[in-house]
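Notes for the one structure printed next.
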Amino acid sequence: MFSHAIARIPGPDYPQGLTTSTLPAPDLDLALAQHDAYVRCLKSLGLTVDVLPPAPGFPDACFVEDTAVVVREVAVVSRPGAPSRQGEADSMVEPLSAHRPLARITDPGTLDGGDILQVDKRFFIGVSDRTNEEGARQLAAILAGHGYQSDIIHVAAGLHLKSSLNYVGENTMLVTADFAGHPAIKGFRQIVCPEGEEYAANTLLVNGTLIMPSGYPRTRALLETLGLPIAQLDTSEYRKMDGGLTCLSLRLESPVS
Ligand code: CIR
């Protein structure tokens, strides 16, 4: 169960962030309204949410998931792979140290939290354009010290591992077609996002409820077979910047006492 989350409000420079999308630039007011709805949704699921102010000079800083990997025992502050985002990690030291002892990914390692998927005591670590082998190794070693097992997966398409692969409960992975049948997820049931709905692979399981982006009815119908409650949120202004539901928060379980 998650008890806390950390999120960060997008700043006025949000539309100047990194993106590969050909969609129009995001509308900041709408992005703020969508962020507010996201935070309210997490609160409705029982989480206390630390909402950090914008980080001037870091237009992608609202994608706070990329700055850390948090387990019950430790928060690992990342070293984001995009040079324009590396300074975001320092700004997370204080907010995270209120919740956990800290560890850090260090040079030459790079790592974005969007490449890290946790399923109980097991981690899937994506090596992508943002997370390098060294960063993956450093994280796996830190996590192994706390009893977590890691599989390293190469991410060939999409920005991050979790753009294509997410755990949706009931021993099931929601995947894009390129991850269907991947050996690393053998033993899990798989739901494959229908063609044209790949963005919906970034669905977030919080305390037994699936939070999915609105506008993906065929994926929703497949997820309904799991029998879990489903909340839908409009993330249109985050999609324009290659972001989605997982990236907008760090979710924290109760710490080890
Ligand atoms: C970036 O390119 O870094 C941001 N515009 C989007 C980051 C999305 N983060 C995530 O999926 N975890």
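Ordering of the structure tokens sets the chain letters (A, B, ...); residue numbers start at 1 within each chain; ligands are numbered from 1 in the order shown.
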
- Query: Quick one: DSSP strand (DSSP E or B) residues in stretch 20-216 of chain A, as a count of residues only?
  - Reply: 51

- Given 10 Å and only C-alpha atoms and all ligand atoms, residues near ligand 1 as number ranges by chain: A: 14-21, 59-67, 80-85, 112-116, 130, 158-164, 202, 238-250

- Shell of 8 Å around A:Val175, only C-alpha atoms, local chain residues under 3 positions omitted, as a PyMOL selection string: chain A and resi 164-166+178-180+190-193+201

Write out the residues from the selection above, keeping N, CA, C and O atoms, as a PDB file, in the first residue's frame.
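Just written: selection.pdb:
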```pdb
ATOM      1  N   SER A 164       6.043   1.354 -22.057  1.00  0.00           N
ATOM      2  CA  SER A 164       5.630   0.133 -22.761  1.00  0.00           C
ATOM      3  C   SER A 164       5.228  -1.017 -21.867  1.00  0.00           C
ATOM      4  O   SER A 164       4.682  -2.013 -22.361  1.00  0.00           O
ATOM      5  N   LEU A 165       5.515  -0.944 -20.585  1.00  0.00           N
ATOM      6  CA  LEU A 165       5.337  -2.099 -19.698  1.00  0.00           C
ATOM      7  C   LEU A 165       4.979  -1.613 -18.305  1.00  0.00           C
ATOM      8  O   LEU A 165       5.739  -0.835 -17.705  1.00  0.00           O
ATOM      9  N   ASN A 166       3.819  -2.041 -17.801  1.00  0.00           N
ATOM     10  CA  ASN A 166       3.431  -1.683 -16.432  1.00  0.00           C
ATOM     11  C   ASN A 166       2.693  -2.838 -15.788  1.00  0.00           C
ATOM     12  O   ASN A 166       1.979  -3.593 -16.456  1.00  0.00           O
ATOM     13  N   ASP A 178       5.361  -4.670 -28.767  1.00  0.00           N
ATOM     14  CA  ASP A 178       6.773  -5.055 -28.853  1.00  0.00           C
ATOM     15  C   ASP A 178       7.279  -5.741 -27.583  1.00  0.00           C
ATOM     16  O   ASP A 178       8.316  -6.402 -27.616  1.00  0.00           O
ATOM     17  N   PHE A 179       6.551  -5.616 -26.476  1.00  0.00           N
ATOM     18  CA  PHE A 179       6.965  -6.322 -25.258  1.00  0.00           C
ATOM     19  C   PHE A 179       6.182  -7.615 -25.027  1.00  0.00           C
ATOM     20  O   PHE A 179       6.493  -8.370 -24.097  1.00  0.00           O
ATOM     21  N   ALA A 180       5.177  -7.850 -25.850  1.00  0.00           N
ATOM     22  CA  ALA A 180       4.370  -9.066 -25.663  1.00  0.00           C
ATOM     23  C   ALA A 180       5.277 -10.295 -25.798  1.00  0.00           C
ATOM     24  O   ALA A 180       6.086 -10.380 -26.726  1.00  0.00           O
ATOM     25  N   GLN A 190      -0.523 -11.386 -19.579  1.00  0.00           N
ATOM     26  CA  GLN A 190      -0.227 -10.162 -20.326  1.00  0.00           C
ATOM     27  C   GLN A 190      -1.487  -9.626 -20.989  1.00  0.00           C
ATOM     28  O   GLN A 190      -2.267 -10.381 -21.550  1.00  0.00           O
ATOM     29  N   ILE A 191      -1.649  -8.311 -20.908  1.00  0.00           N
ATOM     30  CA  ILE A 191      -2.683  -7.628 -21.686  1.00  0.00           C
ATOM     31  C   ILE A 191      -1.924  -6.723 -22.657  1.00  0.00           C
ATOM     32  O   ILE A 191      -1.075  -5.913 -22.237  1.00  0.00           O
ATOM     33  N   VAL A 192      -2.212  -6.882 -23.942  1.00  0.00           N
ATOM     34  CA  VAL A 192      -1.489  -6.123 -24.962  1.00  0.00           C
ATOM     35  C   VAL A 192      -2.357  -4.937 -25.392  1.00  0.00           C
ATOM     36  O   VAL A 192      -3.524  -5.111 -25.780  1.00  0.00           O
ATOM     37  N   CYS A 193      -1.800  -3.735 -25.318  1.00  0.00           N
ATOM     38  CA  CYS A 193      -2.540  -2.540 -25.752  1.00  0.00           C
ATOM     39  C   CYS A 193      -2.862  -2.674 -27.240  1.00  0.00           C
ATOM     40  O   CYS A 193      -1.959  -2.939 -28.047  1.00  0.00           O
ATOM     41  N   ALA A 201      -0.515   2.109 -22.270  1.00  0.00           N
ATOM     42  CA  ALA A 201       0.342   1.180 -21.513  1.00  0.00           C
ATOM     43  C   ALA A 201       0.851   1.839 -20.236  1.00  0.00           C
ATOM     44  O   ALA A 201       1.182   1.164 -19.269  1.00  0.00           O
TER      45      ALA A 201
END
```

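Omitting A:Leu210 and its sequence neighbours fewer than 3 positions away, and counting only C-alpha atoms, the residues within 7 Å are Val168, Thr203, Leu204, Leu205, Val206, Leu228, Pro229, Ile230 and Ala231 of chain A.
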
- Nearest to A:Thr131 by atom-to-atom distance, counting only C-alpha atoms, from A:Thr219, A:Thr176, A:Thr225, A:Ser78: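 When distances to A:Thr131 are compared using only C-alpha atoms, the smallest one comes from A:Ser78.
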
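A straight line drawn from atom CA of A:Thr209 to atom CA of A:Leu45 is 7.9 Å long.
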
- Message: Considering only alpha helix (DSSP H) as DSSP defines it on the backbone, what residues of stretch 73-155 of chain A qualify? List them as a list in words.
- Response: Asp90, Ser91, Met92, Val93, Glu94, Pro95, Leu96, Ser97, Glu133, Glu134, Gly135, Ala136, Arg137, Gln138, Leu139, Ala140, Ala141, Ile142, Leu143 and Ala144 of chain A

- Message: Restricting the calculation to only C-alpha atoms: of A:Ala157, A:Leu96, A:Val39, A:Ile6, which residue gets closest to A:Leu233?
- Response: A:Val39

- Task: For each of A:Ala7, A:Ser44, A:Pro194, A:Ala89, take the minimum atom-to-atom distance to A:Ala177, counting only C-alpha atoms, then give the residue where this is smallest.
- Result: A:Pro194

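Atom CA of A:Ile142 to atom CA of A:Asp107 spans 15.1 Å [interatomic distance, one decimal].
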
- Task: Give the answer as one residue: which of A:Asn132, A:Asp13, A:Asn171, A:His146 has the shortest atom-to-atom distance to A:Pro26, using only C-alpha atoms?
- Result: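 Using only C-alpha atoms, the shortest distance to A:Pro26 belongs to A:Asp13.
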
- Name the closest residue to A:Ala25 among the candidates A:Glu195, A:Ser236, A:Met173, A:Ser150; distances are taken between atoms, counting only C-alpha atoms.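 Using only C-alpha atoms, A:Ala25 sits closest to A:Ser236.
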
- Message: Report, in Å with one decimal, the straight-line distance from atom CA of A:Arg251 to atom CA of A:Pro12.
- Response: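 Result for atom CA of A:Arg251 versus atom CA of A:Pro12: 24.8 Å, one decimal.
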
Can you tell me, as a short mmCIF file (atom, residue, chain, number, x, y, z; two decimals) with N, CA, C and O atoms, in the first residue's frame, what residues are no more than 7 Å from A:Glu134 when counting only C-alpha atoms, ignoring any on the same chain fewer than 2 positions away?
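Output below, filename out-v6.cif:
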```
data_model
loop_
_atom_site.label_atom_id
_atom_site.label_comp_id
_atom_site.auth_asym_id
_atom_site.auth_seq_id
_atom_site.Cartn_x
_atom_site.Cartn_y
_atom_site.Cartn_z
N PRO A 108 29.74 7.46 -13.94
CA PRO A 108 29.12 7.69 -15.25
C PRO A 108 27.75 7.04 -15.41
O PRO A 108 27.26 6.94 -16.53
N GLY A 109 27.14 6.61 -14.32
CA GLY A 109 25.80 6.02 -14.43
C GLY A 109 24.77 7.08 -14.74
O GLY A 109 24.85 8.21 -14.27
N ASN A 132 21.66 4.11 -18.61
CA ASN A 132 22.72 3.30 -19.22
C ASN A 132 23.01 2.05 -18.37
O ASN A 132 22.48 1.88 -17.28
N ALA A 136 22.06 1.17 -14.49
CA ALA A 136 21.25 -0.03 -14.17
C ALA A 136 21.98 -0.91 -13.17
O ALA A 136 21.39 -1.40 -12.20
N ARG A 137 23.28 -1.09 -13.37
CA ARG A 137 24.08 -1.93 -12.45
C ARG A 137 24.12 -1.32 -11.04
O ARG A 137 23.98 -2.01 -10.04
N GLN A 138 24.35 0.01 -11.01
CA GLN A 138 24.41 0.66 -9.69
C GLN A 138 23.09 0.47 -8.93
O GLN A 138 23.07 0.14 -7.75
#
```

- Excluding stretch 48-58 of chain A and any residue of its chain fewer than 5 positions from it, enumerate the residues within 7 Å of it, using only C-alpha atoms, and give them as a list in words. Ser3, His4, Ala5, Ile6, Ala7, Arg8, Ile9, Pro10, Gly11, Lys43, Arg85 and Glu88 of chain A

- Query: Restricting the calculation to only C-alpha atoms, which member of A:Ser97, A:Ser91, A:Thr106, A:Thr235 is positioned closest to A:Leu30?
  - Reply: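 Among the listed residues, A:Thr235 lies closest to A:Leu30.
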
Within 7 Å of stretch 119-129 of chain A, which residues of stretch 144-216 of chain A show up? Give each one with its shortest atom-to-atom distance in Å (one decimal) and the two atoms involved, counting only C-alpha atoms, rows by chain then rising residue number, as a tab-separated table.
```
residue	atom	partner	partner_atom	distance
A:Tyr148	CA	A:Lys121	CA	4.9
A:Gln149	CA	A:Arg122	CA	4.9
A:Ser150	CA	A:Phe123	CA	4.5
A:Asp151	CA	A:Phe124	CA	4.9
A:Ile152	CA	A:Ile125	CA	4.8
A:Ile153	CA	A:Gly126	CA	4.8
A:His154	CA	A:Val127	CA	4.9
A:Val155	CA	A:Ser128	CA	5.1
A:His160	CA	A:Ser128	CA	6.5
A:Leu161	CA	A:Gly126	CA	5.2
A:Tyr167	CA	A:Val119	CA	6.9
```

For the selection just defined, write its residues with all heavy atoms to a file, as a tab-separated table (two decimals), in the first residue's frame.
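Contents of out-v1.tsv, as written:
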```
chain	number	residue	atom	x	y	z
A	148	TYR	N	16.14	-7.05	-2.92
A	148	TYR	CA	15.35	-6.98	-4.17
A	148	TYR	C	16.15	-7.60	-5.31
A	148	TYR	O	17.36	-7.38	-5.44
A	148	TYR	CB	15.01	-5.52	-4.52
A	148	TYR	CG	14.13	-4.84	-3.51
A	148	TYR	CD1	14.69	-4.17	-2.41
A	148	TYR	CD2	12.75	-4.87	-3.62
A	148	TYR	CE1	13.89	-3.54	-1.47
A	148	TYR	CE2	11.94	-4.24	-2.69
A	148	TYR	CZ	12.52	-3.57	-1.61
A	148	TYR	OH	11.72	-2.96	-0.68
A	149	GLN	N	15.43	-8.31	-6.17
A	149	GLN	CA	16.05	-8.94	-7.33
A	149	GLN	C	15.75	-8.07	-8.56
A	149	GLN	O	14.65	-7.53	-8.68
A	149	GLN	CB	15.43	-10.32	-7.50
A	149	GLN	CG	15.90	-11.10	-8.70
A	149	GLN	CD	14.78	-11.95	-9.30
A	149	GLN	OE1	13.92	-12.46	-8.57
A	149	GLN	NE2	14.79	-12.06	-10.62
A	150	SER	N	16.72	-7.93	-9.45
A	150	SER	CA	16.50	-7.09	-10.64
A	150	SER	C	16.76	-7.84	-11.93
A	150	SER	O	17.70	-8.63	-12.02
A	150	SER	CB	17.45	-5.88	-10.62
A	150	SER	OG	17.18	-5.05	-9.52
A	151	ASP	N	15.93	-7.57	-12.93
A	151	ASP	CA	16.16	-8.02	-14.31
A	151	ASP	C	16.43	-6.78	-15.13
A	151	ASP	O	15.67	-5.81	-15.04
A	151	ASP	CB	14.89	-8.65	-14.89
A	151	ASP	CG	14.65	-10.04	-14.35
A	151	ASP	OD1	15.55	-10.88	-14.50
A	151	ASP	OD2	13.56	-10.26	-13.78
A	152	ILE	N	17.47	-6.82	-15.93
A	152	ILE	CA	17.78	-5.67	-16.80
A	152	ILE	C	17.24	-5.97	-18.20
A	152	ILE	O	17.47	-7.04	-18.75
A	152	ILE	CB	19.30	-5.38	-16.80
A	152	ILE	CG1	19.69	-4.94	-15.37
A	152	ILE	CG2	19.66	-4.33	-17.83
A	152	ILE	CD1	21.13	-4.58	-15.17
A	153	ILE	N	16.47	-5.02	-18.73
A	153	ILE	CA	15.77	-5.21	-20.01
A	153	ILE	C	16.19	-4.10	-20.96
A	153	ILE	O	16.23	-2.93	-20.56
A	153	ILE	CB	14.24	-5.11	-19.81
A	153	ILE	CG1	13.74	-6.17	-18.84
A	153	ILE	CG2	13.50	-5.18	-21.11
A	153	ILE	CD1	12.22	-6.17	-18.67
A	154	HIS	N	16.47	-4.44	-22.19
A	154	HIS	CA	16.82	-3.40	-23.17
A	154	HIS	C	15.55	-2.82	-23.79
A	154	HIS	O	14.67	-3.55	-24.21
A	154	HIS	CB	17.79	-3.95	-24.21
A	154	HIS	CG	19.16	-4.13	-23.61
A	154	HIS	ND1	20.15	-3.17	-23.72
A	154	HIS	CD2	19.65	-5.09	-22.80
A	154	HIS	CE1	21.21	-3.57	-23.01
A	154	HIS	NE2	20.93	-4.74	-22.45
A	155	VAL	N	15.48	-1.51	-23.78
A	155	VAL	CA	14.29	-0.81	-24.28
A	155	VAL	C	14.60	-0.28	-25.68
A	155	VAL	O	15.43	0.61	-25.84
A	155	VAL	CB	13.93	0.38	-23.35
A	155	VAL	CG1	12.70	1.12	-23.86
A	155	VAL	CG2	13.72	-0.10	-21.93
A	160	HIS	N	10.80	5.39	-22.27
A	160	HIS	CA	11.21	4.67	-21.07
A	160	HIS	C	10.59	3.27	-21.05
A	160	HIS	O	9.61	3.02	-21.74
A	160	HIS	CB	10.69	5.40	-19.82
A	160	HIS	CG	11.38	6.68	-19.50
A	160	HIS	ND1	10.72	7.86	-19.32
A	160	HIS	CD2	12.69	6.95	-19.29
A	160	HIS	CE1	11.59	8.82	-19.02
A	160	HIS	NE2	12.79	8.29	-19.00
A	161	LEU	N	11.11	2.41	-20.17
A	161	LEU	CA	10.51	1.07	-20.02
A	161	LEU	C	9.01	1.18	-19.73
A	161	LEU	O	8.19	0.45	-20.30
A	161	LEU	CB	11.22	0.32	-18.89
A	161	LEU	CG	10.69	-1.09	-18.61
A	161	LEU	CD1	11.01	-2.02	-19.78
A	161	LEU	CD2	11.25	-1.64	-17.31
A	167	TYR	N	2.85	-2.94	-14.47
A	167	TYR	CA	2.15	-3.97	-13.71
A	167	TYR	C	0.77	-3.45	-13.33
A	167	TYR	O	0.64	-2.34	-12.81
A	167	TYR	CB	2.94	-4.33	-12.45
A	167	TYR	CG	2.29	-5.43	-11.67
A	167	TYR	CD1	2.27	-6.73	-12.18
A	167	TYR	CD2	1.67	-5.19	-10.45
A	167	TYR	CE1	1.64	-7.75	-11.49
A	167	TYR	CE2	1.05	-6.22	-9.75
A	167	TYR	CZ	1.04	-7.49	-10.28
A	167	TYR	OH	0.40	-8.51	-9.61
```
